[in-house]
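Engineer: Structure file protein_16.txt (compact mmCIF, C-alpha atoms) right here:
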# COMPACT_ATOMS: atom_id res chain seq x y z
CA MET A 8 34.46 -17.89 -4.04
CA ASP A 9 34.48 -15.39 -1.18
CA ALA A 10 33.39 -11.89 -2.18
CA THR A 11 34.26 -10.43 1.22
CA THR A 12 37.74 -11.49 2.30
CA LYS A 13 39.67 -12.68 -0.76
CA ASP A 14 41.63 -10.50 -3.15
CA PRO A 15 39.03 -9.35 -5.72
CA ALA A 16 41.36 -10.44 -8.52
CA ASP A 17 40.81 -14.04 -7.41
CA ASN A 18 37.09 -13.61 -8.11
CA ILE A 19 37.29 -11.97 -11.54
CA ASP A 20 35.26 -14.65 -13.35
CA ALA A 21 32.56 -14.65 -10.70
CA ALA A 22 32.46 -10.84 -10.86
CA ARG A 23 31.94 -10.97 -14.62
CA VAL A 24 29.15 -13.53 -14.33
CA ASN A 25 27.27 -11.66 -11.60
CA ALA A 26 27.52 -8.29 -13.32
CA PHE A 27 26.43 -9.84 -16.64
CA TYR A 28 23.44 -11.50 -14.99
CA ILE A 29 22.30 -8.38 -13.13
CA ALA A 30 22.74 -6.18 -16.20
CA ASN A 31 20.58 -8.44 -18.35
CA THR A 32 17.98 -8.85 -15.61
CA VAL A 33 17.70 -5.07 -15.31
CA HIS A 34 17.40 -4.73 -19.10
CA ASP A 35 14.51 -7.20 -19.17
CA PHE A 36 12.86 -5.61 -16.13
CA PHE A 37 12.97 -2.13 -17.66
CA TYR A 38 11.76 -3.52 -20.99
CA ARG A 39 8.62 -4.97 -19.40
CA TYR A 40 7.77 -1.55 -17.95
CA GLY A 41 8.24 0.37 -21.19
CA PHE A 42 11.95 0.98 -21.80
CA THR A 43 11.81 -0.67 -25.22
CA GLU A 44 13.39 -0.11 -28.63
CA VAL A 45 11.01 2.72 -29.46
CA ALA A 46 11.86 4.31 -26.10
CA PHE A 47 15.60 4.44 -26.95
CA ASN A 48 16.81 1.50 -24.89
CA PHE A 49 20.19 -0.27 -25.10
CA GLN A 50 20.22 -3.25 -27.48
CA GLN A 51 22.56 -4.64 -30.09
CA TYR A 52 19.60 -5.66 -32.27
CA ASN A 53 16.21 -3.92 -32.34
CA PHE A 54 14.44 -6.52 -34.52
CA ASN A 55 12.82 -3.86 -36.74
CA ARG A 56 10.99 -2.37 -33.75
CA SER A 57 12.17 1.20 -34.33
CA GLY A 58 14.92 3.07 -32.51
CA GLN A 59 18.65 2.89 -33.16
CA GLU A 60 20.37 -0.45 -32.61
CA GLY A 61 24.01 -1.41 -32.12
CA ASP A 62 24.11 0.14 -28.65
CA ARG A 63 24.46 -2.73 -26.19
CA VAL A 64 25.96 -1.73 -22.85
CA LEU A 65 29.70 -2.33 -22.47
CA LEU A 66 30.31 -3.44 -18.89
CA SER A 67 33.70 -3.36 -17.18
CA VAL A 68 34.33 -5.00 -13.79
CA GLN A 69 37.33 -4.35 -11.51
CA HIS A 70 37.99 -1.28 -13.62
CA ASP A 71 41.58 -0.08 -13.22
CA GLY A 72 42.06 3.22 -11.46
CA LEU A 73 38.39 3.61 -10.56
CA LYS A 74 37.41 3.88 -6.91
CA ASN A 75 33.73 4.17 -7.61
CA ALA A 76 31.21 3.17 -10.28
CA ASN A 77 29.71 5.11 -13.16
CA PHE A 78 27.58 4.87 -16.28
CA ALA A 79 28.24 6.91 -19.42
CA THR A 80 25.11 7.42 -21.54
CA PRO A 81 25.48 8.58 -25.15
CA ALA A 82 22.57 9.14 -27.52
CA ASP A 83 20.46 6.28 -28.87
CA GLY A 84 22.50 4.09 -31.22
CA GLN A 85 25.75 4.39 -29.27
CA SER A 86 26.73 1.94 -26.55
CA GLY A 87 26.42 2.88 -22.92
CA ARG A 88 29.45 2.14 -20.75
CA CYS A 89 29.25 0.93 -17.16
CA HIS A 90 32.42 0.81 -15.07
CA LEU A 91 32.48 -0.97 -11.70
CA CYS A 92 35.30 -0.39 -9.26
CA SER A 93 37.44 -2.89 -7.41
CA PRO A 94 38.65 -2.71 -4.80
CA SER A 95 36.27 -0.36 -3.05
CA LYS A 96 37.90 2.78 -1.69
CA TYR A 97 35.91 2.15 1.51
CA GLN A 98 36.24 -1.63 1.91
CA PRO A 99 39.41 -2.86 0.10
CA ASN A 100 38.23 -6.44 -0.39
CA ARG A 101 34.74 -5.64 -1.62
CA ASP A 102 34.01 -5.61 -5.33
CA ALA A 103 31.20 -3.45 -6.75
CA ALA A 104 30.42 -6.23 -9.23
CA PHE A 105 28.92 -8.17 -6.31
CA ALA A 106 26.92 -5.19 -5.03
CA ASN A 107 23.74 -5.64 -7.04
CA GLY A 108 22.28 -2.35 -5.85
CA ILE A 109 25.25 -0.44 -7.29
CA ILE A 110 24.88 -2.12 -10.68
CA ILE A 111 21.15 -1.33 -10.69
CA HIS A 112 21.85 2.27 -9.65
CA GLU A 113 24.27 2.73 -12.54
CA PHE A 114 22.03 1.11 -15.15
CA THR A 115 19.17 3.34 -14.03
CA HIS A 116 21.29 6.31 -15.13
CA GLY A 117 21.04 4.86 -18.62
CA LEU A 118 17.26 4.65 -18.30
CA THR A 119 16.76 8.20 -17.06
CA ASN A 120 19.25 9.83 -19.43
CA ARG A 121 17.74 8.11 -22.48
CA LEU A 122 14.06 8.70 -21.62
CA THR A 123 14.48 12.34 -20.58
CA GLY A 124 14.86 14.31 -23.79
CA GLY A 125 13.85 11.64 -26.27
CA GLY A 126 16.99 9.55 -26.63
CA THR A 127 19.47 12.41 -26.86
CA ALA A 128 21.02 11.55 -23.47
CA SER A 129 21.56 15.25 -22.84
CA GLY A 130 18.43 16.07 -20.87
CA LEU A 131 19.83 16.04 -17.32
CA GLN A 132 22.53 18.69 -17.34
CA PRO A 133 21.99 21.31 -14.58
CA LEU A 134 22.78 20.38 -10.99
CA GLU A 135 19.15 19.95 -9.94
CA ALA A 136 18.44 17.67 -12.90
CA LYS A 137 21.57 15.63 -12.17
CA GLY A 138 20.38 15.34 -8.59
CA LEU A 139 17.07 13.98 -9.82
CA GLY A 140 19.07 11.43 -11.80
CA GLU A 141 20.84 10.25 -8.66
CA GLY A 142 17.49 10.07 -6.87
CA TRP A 143 15.89 7.89 -9.53
CA SER A 144 18.92 5.60 -9.46
CA ASP A 145 18.77 5.20 -5.69
CA ALA A 146 15.00 4.65 -5.80
CA VAL A 147 15.28 1.82 -8.33
CA ALA A 148 18.33 0.41 -6.54
CA GLU A 149 16.09 0.21 -3.48
CA TYR A 150 13.12 -1.22 -5.38
CA ILE A 151 14.69 -4.32 -6.97
CA PRO A 152 16.84 -5.66 -4.08
CA ILE A 153 13.84 -5.32 -1.75
CA LEU A 154 12.04 -7.81 -3.99
CA TRP A 155 15.05 -10.12 -4.22
CA ALA A 156 16.13 -10.07 -0.61
CA PHE A 157 13.50 -9.75 2.05
CA GLN A 158 10.34 -7.87 1.15
CA THR A 159 7.31 -10.14 0.91
CA SER A 160 4.47 -7.81 1.84
CA ALA A 161 3.58 -4.25 2.81
CA PRO A 162 4.74 -1.93 4.23
CA ILE A 163 7.84 -0.87 2.32
CA GLN A 164 10.84 -1.23 4.63
CA ALA A 165 13.86 0.99 5.26
CA PHE A 166 16.80 0.71 2.89
CA SER A 167 20.36 2.01 2.62
CA ALA A 168 22.14 2.36 -0.71
CA GLY A 169 25.51 0.68 -1.28
CA VAL A 170 26.17 -0.22 2.34
CA TRP A 171 27.97 -3.52 1.59
CA VAL A 172 30.65 -1.81 -0.48
CA THR A 173 30.93 1.44 1.45
CA GLY A 174 30.75 -0.07 4.93
CA ASN A 175 28.67 2.92 5.95
CA THR A 176 26.44 5.36 4.12
CA GLY A 177 24.33 8.40 4.85
CA ARG A 178 21.88 7.51 2.07
CA TRP A 179 19.14 5.91 4.14
CA TYR A 180 15.52 5.83 3.02
CA PRO A 181 13.24 7.05 4.40
CA ASN A 182 14.97 10.14 5.80
CA SER A 183 13.94 13.56 7.08
CA THR A 184 14.61 15.60 3.94
CA THR A 185 11.98 17.70 2.17
CA TYR A 186 11.98 19.89 -0.94
CA SER A 187 13.39 22.85 1.01
CA SER A 188 16.44 20.76 1.94
CA LEU A 189 17.76 21.62 -1.52
CA LYS A 190 18.61 25.11 -0.27
CA THR A 191 21.68 23.78 1.53
CA LEU A 192 22.76 21.05 -0.91
CA ASP A 193 25.26 21.61 -3.70
CA LYS A 194 26.20 18.09 -4.85
CA ALA A 195 24.18 15.85 -7.14
CA HIS A 196 24.24 12.82 -4.83
CA GLN A 197 23.07 14.94 -1.89
CA ILE A 198 20.23 16.37 -3.96
CA GLY A 199 19.42 12.84 -5.06
CA THR A 200 18.73 11.77 -1.49
CA VAL A 201 15.83 14.24 -1.36
CA TRP A 202 14.17 12.93 -4.52
CA ALA A 203 14.81 9.29 -3.62
CA ASN A 204 13.25 9.91 -0.21
CA ILE A 205 10.16 11.41 -1.85
CA LEU A 206 9.90 8.42 -4.20
CA HIS A 207 10.34 6.03 -1.26
CA HIS A 208 7.28 7.58 0.35
CA VAL A 209 5.31 7.48 -2.92
CA ASN A 210 6.06 3.78 -3.28
CA ALA A 211 5.11 3.15 0.35
CA ALA A 212 1.83 5.05 -0.01
CA LEU A 213 0.84 3.10 -3.12
CA VAL A 214 1.76 -0.21 -1.49
CA ASP A 215 -0.20 0.71 1.64
CA LYS A 216 -3.31 1.19 -0.49
CA TYR A 217 -2.97 -1.51 -3.14
CA GLY A 218 -0.70 -4.13 -1.60
CA PHE A 219 2.67 -5.55 -2.61
CA SER A 220 3.53 -7.85 -5.52
CA THR A 221 6.43 -10.25 -5.06
CA THR A 222 6.49 -10.89 -8.82
CA ALA A 223 6.70 -7.27 -9.96
CA ILE A 224 10.04 -7.81 -11.71
CA THR A 225 8.60 -10.36 -14.14
CA ASN A 226 4.91 -9.36 -14.15
CA PRO A 227 4.11 -5.70 -14.88
CA ASP A 228 0.40 -6.37 -15.34
CA GLY A 229 -0.69 -6.54 -11.71
CA SER A 230 -2.62 -3.91 -9.77
CA GLU A 231 -0.41 -3.85 -6.67
CA GLY A 232 1.15 -0.63 -5.45
CA ASN A 233 4.76 -1.40 -6.31
CA ILE A 234 3.76 -2.25 -9.90
CA ILE A 235 1.86 1.04 -10.20
CA PHE A 236 4.91 2.84 -8.80
CA LEU A 237 7.30 1.49 -11.46
CA HIS A 238 4.90 2.20 -14.30
CA LEU A 239 4.51 5.80 -13.16
CA LEU A 240 8.25 6.26 -12.62
CA ILE A 241 9.12 5.16 -16.15
CA ASP A 242 6.13 6.83 -17.81
CA ALA A 243 6.94 10.14 -16.11
CA LEU A 244 10.52 10.14 -17.39
CA ALA A 245 9.29 10.31 -20.97
CA LEU A 246 6.79 13.09 -20.17
CA GLN A 247 9.01 15.56 -18.33
CA PRO A 248 10.87 18.35 -20.13
CA VAL A 249 14.60 18.49 -20.76
CA ASN A 250 16.53 19.50 -17.64
CA PRO A 251 13.58 19.09 -15.27
CA THR A 252 13.31 20.59 -11.81
CA PHE A 253 11.72 18.80 -8.85
CA VAL A 254 8.48 20.63 -9.61
CA PHE A 255 8.47 19.51 -13.25
CA ALA A 256 9.31 15.95 -12.19
CA ARG A 257 6.35 16.00 -9.78
CA GLN A 258 4.03 17.24 -12.52
CA ALA A 259 5.21 14.46 -14.82
CA TRP A 260 4.12 11.91 -12.19
CA ILE A 261 0.68 13.50 -11.94
CA GLN A 262 0.35 13.46 -15.74
CA ALA A 263 1.62 9.89 -16.00
CA ASP A 264 -1.09 8.79 -13.58
CA ALA A 265 -3.72 10.68 -15.59
CA ASN A 266 -2.54 8.99 -18.78
CA ARG A 267 -2.23 5.41 -17.52
CA TYR A 268 -4.71 5.19 -14.62
CA ASN A 269 -7.15 8.00 -15.47
CA GLY A 270 -5.99 9.93 -12.39
CA ALA A 271 -6.98 7.21 -9.94
CA ASN A 272 -3.91 7.87 -7.80
CA GLU A 273 -3.89 11.66 -8.01
CA GLU A 274 -4.83 12.20 -4.38
CA ILE A 275 -2.22 9.73 -3.10
CA LEU A 276 0.46 11.35 -5.23
CA TRP A 277 -0.42 14.92 -4.33
CA SER A 278 -0.75 14.11 -0.64
CA THR A 279 2.65 12.41 -0.55
CA PHE A 280 4.40 15.12 -2.54
CA ALA A 281 2.80 17.86 -0.44
CA ASN A 282 3.74 16.16 2.80
CA LEU A 283 7.37 16.43 1.71
CA GLY A 284 7.19 20.04 0.57
CA LEU A 285 6.23 19.59 -3.10
CA GLY A 286 2.65 20.74 -2.79
CA VAL A 287 0.84 23.33 -4.89
CA GLY A 288 2.95 26.49 -5.16
CA ALA A 289 6.26 24.89 -4.19
CA ALA A 290 9.02 26.87 -5.88
CA ASP A 291 12.55 28.14 -5.38
CA TYR A 292 13.21 25.41 -2.78
CA ASN A 293 10.47 26.68 -0.47
CA ASP A 294 8.20 23.97 0.88
CA SER A 295 4.48 23.98 0.23
CA ASN A 296 2.11 21.54 1.88
CA LEU A 297 -0.91 22.76 -0.08
CA LEU A 298 -3.08 20.40 -2.08
CA PRO A 299 -5.17 21.21 -5.16
CA SER A 300 -8.39 23.00 -4.26
CA HIS A 301 -10.59 20.13 -5.44
CA PHE A 302 -9.29 17.93 -2.63
CA LYS A 303 -10.77 18.06 0.88
CA PRO A 304 -8.15 16.39 3.03
CA VAL A 305 -9.09 14.82 6.32
CA VAL A 306 -7.49 15.99 9.56
CA ILE A 307 -7.79 13.39 12.30
CA PHE A 308 -7.43 14.24 15.98
CA ARG A 309 -6.90 10.80 17.48
CA GLY A 310 -7.20 10.11 21.19
CA GLN A 311 -6.90 13.76 22.27
CA THR A 312 -8.91 15.10 25.17
CA GLU A 313 -8.77 18.72 24.03
CA LEU A 314 -8.72 20.05 20.47
CA PRO A 315 -7.10 23.31 19.33
CA PRO A 316 -9.29 26.38 19.95
CA LEU A 317 -11.35 28.09 17.27
CA VAL A 318 -9.22 30.69 15.48
CA GLY A 319 -11.00 33.22 13.28
CA THR A 320 -12.88 31.36 10.57
CA ASP A 321 -10.82 28.22 11.03
CA ILE A 322 -12.24 25.08 12.58
CA CYS A 323 -10.00 23.94 15.41
CA GLY A 324 -7.08 25.71 13.79
CA VAL A 325 -7.69 23.92 10.48
CA ALA A 326 -8.17 25.99 7.33
CA PRO A 327 -11.63 26.19 5.75
CA GLY A 328 -12.35 23.46 3.20
CA TRP A 329 -10.77 20.72 5.28
CA VAL A 330 -12.80 17.91 6.80
CA VAL A 331 -12.27 17.42 10.52
CA VAL A 332 -12.81 13.94 11.93
CA VAL A 333 -12.54 13.48 15.68
CA LYS A 334 -11.29 10.03 16.68
CA VAL A 335 -11.70 9.36 20.39
CA ASN A 336 -12.13 6.41 22.68
CA PRO A 337 -15.55 5.62 24.19
CA GLN A 338 -16.48 7.73 27.23
CA THR A 339 -13.78 10.31 26.51
CA VAL A 340 -14.44 13.94 27.36
CA VAL A 341 -13.30 16.33 24.63
CA THR A 342 -13.49 20.08 24.23
CA LEU A 343 -14.80 21.13 20.82
CA PHE A 344 -15.36 24.83 20.08
CA GLY A 345 -15.06 25.49 23.81
CA VAL A 346 -17.93 23.11 24.66
CA ARG A 347 -17.19 20.04 26.77
CA LEU A 348 -18.76 16.95 25.23
CA PHE A 349 -19.14 13.51 26.77
CA LEU A 350 -18.90 10.98 23.95
CA LEU A 351 -20.35 7.56 24.58
CA LEU A 352 -19.20 6.07 21.29
CA SER A 353 -16.16 6.40 19.07
CA CYS A 354 -16.73 8.60 16.06
Go ahead and express the file in the form of structure tokens.
Structural biologist:
Amino acid sequence: MDATTKDPADNIDAARVNAFYIANTVHDFFYRYGFTEVAFNFQQYNFNRSGQEGDRVLLSVQHDGLKNANFATPADGQSGRCHLCSPSKYQPNRDAAFANGIIIHEFTHGLTNRLTGGGTASGLQPLEAKGLGEGWSDAVAEYIPILWAFQTSAPIQAFSAGVWVTGNTGRWYPNSTTYSSLKTLDKAHQIGTVWANILHHVNAALVDKYGFSTTAITNPDGSEGNIIFLHLLIDALALQPVNPTFVFARQAWIQADANRYNGANEEILWSTFANLGLGVGAADYNDSNLLPSHFKPVVIFRGQTELPPLVGTDICGVAPGWVVVVKVNPQTVVTLFGVRLFLLLSC
């Protein structure tokens, strides 16, 4: 079997097997993190565990006439439908059924549409909400293949969605977008790159602090950063309102952390969101880098020989309430408040 050069029709059985395996792996992965019968998941039998049954996902590979992939999500109790294209409109001999990230992306649409709005599958309708949906799908499509393919430790590495099938893609993570980037975006997938980029940075920040689990797919009980990330992602989906905005989605993450971890990650979350424009007061696609007033962020001037001058009541150009830490090398002369200091030790 050659998934790159042969006519995709010659690989139809292999395509079915791979798509079936990935679909069931994703189901089990989501289940471990809370997408269960009571949370309106997709299962033929619910084993008397609440929710509507009879809604297994119907998966079609090498779908005729389709040059892309999609996932149709009806309400709980009705089967979701996932269609995977072949051949790719970008790479004629490449079958989406062998692009695991695409399958994961599509199945994540089922997750987000079912959890947002309590199983109605109608909670992501406006453009901004649809963009969030694309962002969650890209974020999870990044998360799982990183574990399968090459990630064995922190930090979280760069990732591009769907590159094997498309041959090229502009959906790289991390990227330079912030909340205000939404002002110029009018397509759901474009908007999704902003949210996926924010989530990439959240995942990276949590992994930087708590480490990386290589068994996160099968073990949701660890304390590593990537496990915390997935719990918060799925918990937040069930907390946010119907048709959420970026601001509501951010608040759902903060609340999810308060519910599950007693707010232990609040500062990491707020700092990451604020750094990408979703700080306190962010609205109408205008960036805010402000943090809640109960935080006292640290500003570090590292290795500089001259700090910004005193401006009004600010300290070195930093607003009141911030903690200034000067990091310098031994025997470095710095200017602080206009006074030249000779520091013998690092501080």
Engineer: Within 8 Å of segment 130-144 of chain A, counting all atoms listed in the file, which residues qualify if same-chain residues fewer than 3 places away don't, as a ChimeraX atom specification?
Structural biologist: /A:111-116,119-120,123-124,127,147-148,193-204,248-253
Engineer: Using only C-alpha atoms, determine which residues lie at most 8 Å from Leu213 of chain A, disregarding the query and same-chain residues fewer than 6 positions distant; provide the list as a list of chain:residue names.
Structural biologist: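 Near Leu213 of chain A, the qualifying residues are A:Glu231, A:Gly232, A:Asn233, A:Ile235, A:Phe236, A:Ile275.
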Engineer: Would you mind reading off the distance between atom CA of Asp35 of chain A and atom CA of Ala223 of chain A, one decimal, in Å?
Structural biologist: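 Computing the Euclidean distance for atom CA of Asp35 of chain A and atom CA of Ala223 of chain A yields 12.1 Å.
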Engineer: Set the distance at 12 Å and use all atoms listed in the file: which residues neighbour Ala79 of chain A once local chain neighbours fewer than 4 positions away are removed? I'd like the list as a PyMOL selection string.
Structural biologist: chain A and resi 64-67+85-91+113-121+128-129
Engineer: Please report the interatomic distance between atom CA of Val287 of chain A and atom CA of Ser300 of chain A in Å with one decimal.
Structural biologist: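 Here the two named atoms are 9.3 Å from each other.
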Engineer: To one decimal place, how far is atom CA of Glu273 of chain A from atom CA of Ala168 of chain A in Å?
Structural biologist: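 Separation of atom CA of Glu273 of chain A and atom CA of Ala168 of chain A: 28.6 Å.
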Engineer: Please tell me which residues are no farther than 10 Å from (12.9, 25.0, 2.5) in the file, counting only C-alpha atoms, and write them as a list in words.
Structural biologist: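 With a cut-off of 10 Å, the residues come to Thr184, Thr185, Tyr186, Ser187, Ser188, Leu189, Lys190, Thr191, Gly284, Ala289, Ala290, Asp291, Tyr292, Asn293, Asp294 and Ser295 of chain A.
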Engineer: Select, from A:Ile261, A:Ile224, A:Ala245, A:Ala22, the residue with the minimum atom-to-atom distance to Val45 of chain A, counting only C-alpha atoms.
Structural biologist: A:Ala245
Engineer: Would you mind listing what lies within 6 Å of segment 49-60 of chain A as an MDAnalysis selection string, with only C-alpha atoms counted and same-chain residues fewer than 5 positions away left out?
Structural biologist: chainID A and resid 44 83:84
Engineer: I'd like the contact shell of Ile19 of chain A - 9 Å cut-off, all atoms listed in the file, skipping same-chain residues fewer than 5 positions apart - returned as an NGL selection string.
Structural biologist: :A and (24 or 68-69)
Engineer: Around all listed atoms of segment 280-292 of chain A, padded 4 Å per side, what centre and edge lengths does the axis-aligned box have in Å to one decimal, as JSON?
Structural biologist:
{"center_x": 7.0, "center_y": 21.6, "center_z": -1.5, "size_x": 20.4, "size_y": 21.0, "size_z": 16.7}
Engineer: Have a look at A:Glu274, A:Asp215, A:Asp264, A:Asp228 and name the one nearest to Arg39 of chain A; count all atoms listed in the file.
Structural biologist: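 Looking only at the distances to Arg39 of chain A, the closest residue turns out to be A:Asp228.
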